[in-house]
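Student: Handing over final.tsv, TSV, C-alpha atoms.
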```
chain	number	residue	atom	x	y	z
A	1	MET	CA	153.66	77.79	311.34
A	2	SER	CA	154.45	78.53	314.99
A	3	ARG	CA	156.94	81.24	314.00
A	4	LEU	CA	154.48	82.69	311.51
A	5	SER	CA	151.77	82.78	314.17
A	6	GLU	CA	154.14	84.56	316.54
A	7	LEU	CA	155.00	87.10	313.85
A	8	VAL	CA	151.30	87.75	313.17
A	9	SER	CA	150.71	88.05	316.92
A	10	ALA	CA	153.47	90.66	317.24
A	11	PHE	CA	151.97	92.75	314.45
A	12	GLY	CA	148.50	92.37	315.96
A	13	LEU	CA	149.69	93.65	319.33
A	14	LEU	CA	152.01	96.47	318.22
A	15	THR	CA	150.35	97.83	315.08
A	16	ARG	CA	147.07	98.47	313.32
A	17	LEU	CA	148.32	96.75	310.16
A	18	PRO	CA	146.00	93.99	308.87
A	19	VAL	CA	148.71	91.33	308.77
A	20	ALA	CA	146.31	88.58	309.88
A	21	ARG	CA	144.23	89.26	306.75
A	22	ILE	CA	147.31	89.21	304.52
A	23	VAL	CA	148.51	85.93	306.03
A	24	PRO	CA	145.29	83.92	306.41
A	25	GLY	CA	145.07	80.65	308.26
A	26	THR	CA	147.24	81.69	311.21
A	27	ASP	CA	146.16	81.90	314.81
A	28	TYR	CA	147.44	84.44	317.29
A	29	ALA	CA	150.28	82.93	319.29
A	30	ASP	CA	150.82	83.52	322.99
A	31	ALA	CA	151.96	87.13	323.30
A	32	GLY	CA	154.93	86.20	325.46
A	33	ARG	CA	156.37	83.95	322.74
A	34	SER	CA	156.06	86.57	320.01
A	35	VAL	CA	158.56	89.02	321.53
A	36	TRP	CA	161.36	87.85	319.23
A	37	ALA	CA	159.41	89.33	316.30
A	38	TYR	CA	159.09	92.82	317.77
A	39	PRO	CA	162.15	94.17	315.88
A	40	LEU	CA	160.68	92.90	312.61
A	41	VAL	CA	157.57	94.92	313.37
A	42	GLY	CA	159.88	97.86	313.91
A	43	VAL	CA	161.45	97.30	310.49
A	44	VAL	CA	158.07	97.52	308.78
A	45	VAL	CA	157.03	100.60	310.76
A	46	GLY	CA	160.37	102.25	309.98
A	47	LEU	CA	160.02	101.37	306.30
A	48	ILE	CA	156.58	102.96	306.21
A	49	GLY	CA	158.00	106.21	307.55
A	50	GLY	CA	161.17	106.03	305.47
A	51	VAL	CA	159.43	105.32	302.18
A	52	ALA	CA	156.88	108.06	302.86
A	53	TYR	CA	159.74	110.48	303.50
A	54	TRP	CA	161.64	109.38	300.39
A	55	LEU	CA	158.62	109.75	298.11
A	56	LEU	CA	157.83	113.22	299.42
A	57	ALA	CA	161.46	114.32	299.19
A	58	PHE	CA	161.61	112.96	295.63
A	59	ILE	CA	158.81	115.29	294.52
A	60	GLY	CA	160.44	118.28	296.18
A	61	VAL	CA	158.70	118.52	299.55
A	62	THR	CA	160.92	120.16	302.16
A	63	PRO	CA	162.64	117.87	304.73
A	64	LEU	CA	160.66	119.36	307.61
A	65	ILE	CA	157.26	118.71	306.04
A	66	ALA	CA	158.30	115.33	304.66
A	67	GLY	CA	159.60	114.35	308.08
A	68	ALA	CA	156.38	115.38	309.79
A	69	ILE	CA	154.29	113.34	307.35
A	70	ALA	CA	156.66	110.36	307.71
A	71	LEU	CA	156.24	110.45	311.49
A	72	GLY	CA	152.49	110.70	311.03
A	73	ALA	CA	152.53	107.61	308.82
A	74	MET	CA	154.43	105.68	311.48
A	75	VAL	CA	151.99	106.75	314.19
A	76	LEU	CA	149.05	105.70	312.03
A	77	ALA	CA	150.68	102.30	311.51
A	78	THR	CA	151.02	101.72	315.26
A	79	GLY	CA	147.87	103.52	316.34
A	80	GLY	CA	150.05	105.76	318.50
A	81	LEU	CA	150.37	102.86	320.97
A	82	HIS	CA	153.82	103.75	322.28
A	83	GLU	CA	153.22	107.49	322.23
A	84	ASP	CA	150.10	106.94	324.31
A	85	GLY	CA	152.18	104.92	326.78
A	86	LEU	CA	154.75	107.68	326.99
A	87	ALA	CA	152.09	110.32	327.69
A	88	ASP	CA	150.42	108.21	330.38
A	89	THR	CA	153.78	107.44	331.99
A	90	ALA	CA	154.79	111.10	332.04
A	91	ASP	CA	151.45	112.08	333.58
A	92	GLY	CA	151.65	109.36	336.21
A	93	PHE	CA	155.27	109.84	337.21
A	94	GLY	CA	154.98	113.62	337.14
A	95	GLY	CA	151.57	114.08	338.71
A	96	GLY	CA	151.27	111.35	341.33
A	97	ALA	CA	152.56	111.67	344.87
A	98	GLU	CA	152.38	108.00	345.87
A	99	ARG	CA	152.77	104.75	343.95
A	100	GLU	CA	149.04	104.04	343.82
A	101	ASP	CA	148.33	107.60	342.74
A	102	LYS	CA	150.78	107.27	339.87
A	103	LEU	CA	149.27	103.97	338.72
A	104	GLU	CA	145.76	105.43	338.89
A	105	ILE	CA	146.74	108.48	336.84
A	106	MET	CA	148.34	106.20	334.23
A	107	ARG	CA	145.00	104.40	333.81
A	108	ASP	CA	143.22	107.68	333.05
A	109	SER	CA	142.64	108.06	329.31
A	110	ARG	CA	142.77	111.84	329.57
A	111	ILE	CA	146.11	113.48	328.85
A	112	GLY	CA	147.68	115.95	331.26
A	113	SER	CA	150.31	118.65	330.99
A	114	TYR	CA	153.21	116.27	331.63
A	115	GLY	CA	152.00	113.98	328.86
A	116	VAL	CA	151.64	116.85	326.42
A	117	MET	CA	155.13	118.11	327.16
A	118	ALA	CA	156.60	114.63	326.74
A	119	LEU	CA	154.92	114.15	323.37
A	120	VAL	CA	155.99	117.58	322.11
A	121	LEU	CA	159.58	116.88	323.11
A	122	VAL	CA	159.83	113.46	321.47
A	123	PHE	CA	158.13	114.56	318.26
A	124	ALA	CA	160.40	117.61	318.08
A	125	LEU	CA	163.46	115.44	318.65
A	126	ARG	CA	162.49	112.89	316.00
A	127	LEU	CA	161.55	115.57	313.49
A	128	GLY	CA	164.80	117.40	314.18
A	129	ALA	CA	166.77	114.20	313.64
A	130	ILE	CA	165.06	113.52	310.32
A	131	SER	CA	165.72	117.08	309.16
A	132	ALA	CA	169.38	116.83	310.21
A	133	LEU	CA	169.81	113.59	308.24
A	134	ALA	CA	168.01	114.85	305.14
A	135	GLY	CA	171.20	115.83	303.34
A	136	THR	CA	172.96	112.53	304.03
A	137	GLY	CA	170.35	110.25	302.47
A	138	ALA	CA	170.31	108.22	305.69
A	139	VAL	CA	166.72	108.87	306.78
A	140	LEU	CA	165.36	105.49	305.68
A	141	GLY	CA	168.11	103.54	307.44
A	142	ALA	CA	167.86	105.68	310.56
A	143	LEU	CA	164.10	105.17	310.87
A	144	VAL	CA	164.37	101.42	310.30
A	145	ALA	CA	167.26	100.97	312.74
A	146	SER	CA	165.78	103.13	315.50
A	147	ALA	CA	162.36	101.47	315.23
A	148	ALA	CA	163.93	97.99	315.38
A	149	LEU	CA	166.18	98.85	318.33
A	150	SER	CA	163.22	100.41	320.11
A	151	ARG	CA	161.18	97.23	319.93
A	152	GLY	CA	164.10	94.93	320.63
A	153	GLY	CA	164.73	96.87	323.81
A	154	MET	CA	161.08	96.55	324.82
A	155	GLY	CA	161.40	92.76	324.92
A	156	LEU	CA	164.38	92.82	327.27
A	157	PHE	CA	162.69	95.52	329.35
A	158	MET	CA	159.66	93.30	329.96
A	159	ARG	CA	161.87	90.30	330.70
A	160	LEU	CA	164.10	92.03	333.24
A	161	ILE	CA	161.55	94.18	335.11
A	162	GLU	CA	158.53	92.64	336.80
A	163	PRO	CA	155.06	94.11	336.21
A	164	ALA	CA	153.98	96.71	338.76
A	165	ARG	CA	150.44	95.33	338.87
A	166	THR	CA	148.68	92.07	338.14
A	167	ASP	CA	146.42	93.36	335.36
A	168	GLY	CA	146.90	95.46	332.26
A	169	LEU	CA	148.59	94.95	328.91
A	170	SER	CA	152.08	94.15	330.18
A	171	ALA	CA	150.88	91.67	332.80
A	172	GLY	CA	148.61	90.12	330.17
A	173	VAL	CA	151.59	89.29	327.97
A	174	GLY	CA	152.59	86.77	330.62
A	175	SER	CA	155.97	85.43	331.55
A	176	LEU	CA	158.46	86.11	328.80
A	177	ASP	CA	160.81	83.44	327.56
A	178	GLY	CA	164.36	84.64	328.17
A	179	SER	CA	165.55	83.24	324.85
A	180	ALA	CA	162.80	85.11	322.97
A	181	ALA	CA	163.77	88.40	324.61
A	182	ALA	CA	167.46	87.78	323.88
A	183	GLU	CA	166.60	86.87	320.30
A	184	ALA	CA	164.69	90.14	319.94
A	185	ALA	CA	167.71	92.11	321.13
A	186	ALA	CA	170.05	90.21	318.79
A	187	ILE	CA	167.77	90.68	315.78
A	188	SER	CA	167.43	94.41	316.46
A	189	ILE	CA	171.21	94.81	316.72
A	190	LEU	CA	171.72	92.85	313.50
A	191	ILE	CA	169.22	95.08	311.71
A	192	ALA	CA	171.05	98.19	312.93
A	193	PHE	CA	174.34	96.90	311.52
A	194	LEU	CA	172.67	96.00	308.22
A	195	VAL	CA	171.19	99.45	307.56
A	196	LEU	CA	173.72	101.77	309.24
A	197	THR	CA	177.45	102.29	309.07
A	198	PRO	CA	179.33	100.30	311.74
A	199	GLY	CA	180.10	103.37	313.82
A	200	ALA	CA	176.54	104.63	313.72
A	201	ALA	CA	175.18	101.16	314.53
A	202	ILE	CA	177.42	100.76	317.59
A	203	LEU	CA	176.54	104.18	318.95
A	204	ALA	CA	172.83	103.71	318.25
A	205	VAL	CA	172.80	100.37	320.10
A	206	VAL	CA	174.62	101.87	323.09
A	207	PHE	CA	172.39	104.92	323.26
A	208	ALA	CA	169.21	102.86	322.92
A	209	ALA	CA	170.35	100.47	325.66
A	210	LEU	CA	171.17	103.35	328.00
A	211	ALA	CA	167.75	104.89	327.39
A	212	VAL	CA	165.99	101.62	328.22
A	213	VAL	CA	168.07	101.25	331.40
A	214	ALA	CA	167.28	104.83	332.42
A	215	VAL	CA	163.53	104.31	332.00
A	216	GLY	CA	163.79	101.04	333.90
A	217	VAL	CA	165.56	102.64	336.85
A	218	LEU	CA	163.03	105.46	336.89
A	219	ALA	CA	160.10	103.04	336.76
A	220	LEU	CA	161.46	100.96	339.64
A	221	ARG	CA	161.83	104.09	341.75
A	222	GLN	CA	158.43	105.48	340.82
A	223	ILE	CA	156.12	102.44	340.83
A	224	GLY	CA	158.32	99.45	341.65
A	225	GLY	CA	158.05	97.82	338.23
A	226	GLN	CA	156.70	98.26	334.73
A	227	THR	CA	153.34	98.49	332.99
A	228	GLY	CA	152.37	98.49	329.34
A	229	ASP	CA	152.56	102.28	329.37
A	230	VAL	CA	156.09	102.20	330.77
A	231	VAL	CA	157.15	99.64	328.17
A	232	GLY	CA	155.88	102.00	325.48
A	233	ALA	CA	157.75	104.88	327.09
A	234	ALA	CA	160.94	102.81	327.14
A	235	GLY	CA	160.49	102.05	323.44
A	236	ILE	CA	160.04	105.71	322.54
A	237	ALA	CA	163.06	106.66	324.68
A	238	ALA	CA	165.19	104.04	322.91
A	239	GLU	CA	164.02	105.23	319.49
A	240	CYS	CA	164.84	108.86	320.28
A	241	ALA	CA	168.22	107.91	321.75
A	242	ALA	CA	169.13	105.84	318.69
A	243	LEU	CA	168.17	108.67	316.34
A	244	THR	CA	170.24	111.10	318.42
A	245	ALA	CA	173.25	108.79	318.15
A	246	ILE	CA	172.85	108.45	314.38
A	247	VAL	CA	172.69	112.20	313.96
A	248	ALA	CA	175.67	112.71	316.28
A	249	ILE	CA	177.89	110.45	314.20
A	250	GLY	CA	176.54	111.79	310.92
A	251	ALA	CA	175.41	108.37	309.68
```
Can you turn what I pasted into structure tokens?

Tutor:
Amino acid sequence: MSRLSELVSAFGLLTRLPVARIVPGTDYADAGRSVWAYPLVGVVVGLIGGVAYWLLAFIGVTPLIAGAIALGAMVLATGGLHEDGLADTADGFGGGAEREDKLEIMRDSRIGSYGVMALVLVFALRLGAISALAGTGAVLGALVASAALSRGGMGLFMRLIEPARTDGLSAGVGSLDGSAAAEAAAISILIAFLVLTPGAAILAVVFAALAVVAVGVLALRQIGGQTGDVVGAAGIAAECAALTAIVAIGA
């Protein structure tokens, strides 16, 4: 029951899906202990996008339109949580002069020019990747693998980089168990190897890891740590990097 509660907790934090209603009788576990389940959340989100794409492609919708709708379905499933984090991070890092300025901008619910540009770029990249993979039949696997790797990387990111402030979503998760974060990474890698060819899986894992490291280095230089917004940005960066790798190798 503890594992089930942690799984429900992960879905409750990262998505808008009514998992608690589907699995009644479970209580929300401590958020820090549920990190191992993040890649499983990614699998479901990726499946939502992949199945939506497949159904639309089956009835003859063009890859570009099917890909756009698939991405929309994934965003609806998560409530745009990670995209919102990316936009806030871009606004804060790009628009603030000092650390406190950056953190204050990231709290602002209004979106700025840096946030808009970041969102346009990542949606264009993801849509381009889906369109490029359309002829290979690998869209479903690519969306599942990239979403799982994205969320597996988020767990390690939160474990390795201290929060930049004492309040907020990331700080509220609490101290992460190192074994839970490592388990999340291992599960996400396993998923990638299950749904991709070995070459594509290896490259996707490497690219996703490099993206997470890059965001971490940037965050340490900009604000001296991470916030929930930065964690979301790291997840989006890892997802985009994994999709780029899959396209590059022609999965």

Student: Show me the residues around (161.3, 104.2, 333.9) - criterion: an atom at most 10 Å away, all atoms listed in the file counted - as a list in words.

Tutor: Thr89, Ala90, Phe93, Phe157, Ala211, Val212, Val213, Ala214, Val215, Gly216, Val217, Leu218, Ala219, Leu220, Arg221, Gln222, Ile223, Gly224, Gly225, Gln226, Thr227, Val230, Val231, Ala233, Ala234 and Ala237 of chain A

Student: Hey, can I get the axis-aligned box for segment 109-121 of chain A? All listed atoms, 6 Å padding on each side, centre and edge lengths in Å to one decimal, as AutoDock Vina command-line options.

Tutor:
```
--center_x 151.1 --center_y 113.4 --center_z 326.9 --size_x 28.9 --size_y 22.6 --size_z 21.5
```

Student: Could you give me, as a list in words, the residues that sit within 8 Å of (154.0, 111.2, 301.6) in the file's coordinates, counting all atoms listed in the file?

Tutor: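 Using all atoms listed in the file, the matching residues come out as Ala52, Tyr53, Trp54, Leu55, Leu56, Ala66, Ile69 and Ala70 of chain A.
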
Student: For the interface of segment 10-99 of chain A with segment 187-192 of chain A (cut-off 8 Å, counting only C-alpha atoms), please tabulate each contacting residue of segment 10-99 of chain A alongside its nearest pair of atoms and their separation in Å to one decimal, rows sorted by chain and increasing number, as JSON lines.

Tutor:
```
{"residue": "A:Trp36", "atom": "CA", "partner": "A:Ile187", "partner_atom": "CA", "distance": 7.8}
{"residue": "A:Pro39", "atom": "CA", "partner": "A:Ser188", "partner_atom": "CA", "distance": 5.3}
{"residue": "A:Leu40", "atom": "CA", "partner": "A:Ser188", "partner_atom": "CA", "distance": 7.9}
```

Student: Quick one: everything within 7 Å of Val35 of chain A, counting only C-alpha atoms, minus sequence neighbours fewer than 4 positions away in the same chain. Send it as number ranges by chain.

Tutor: A: 10, 155, 180-181, 184
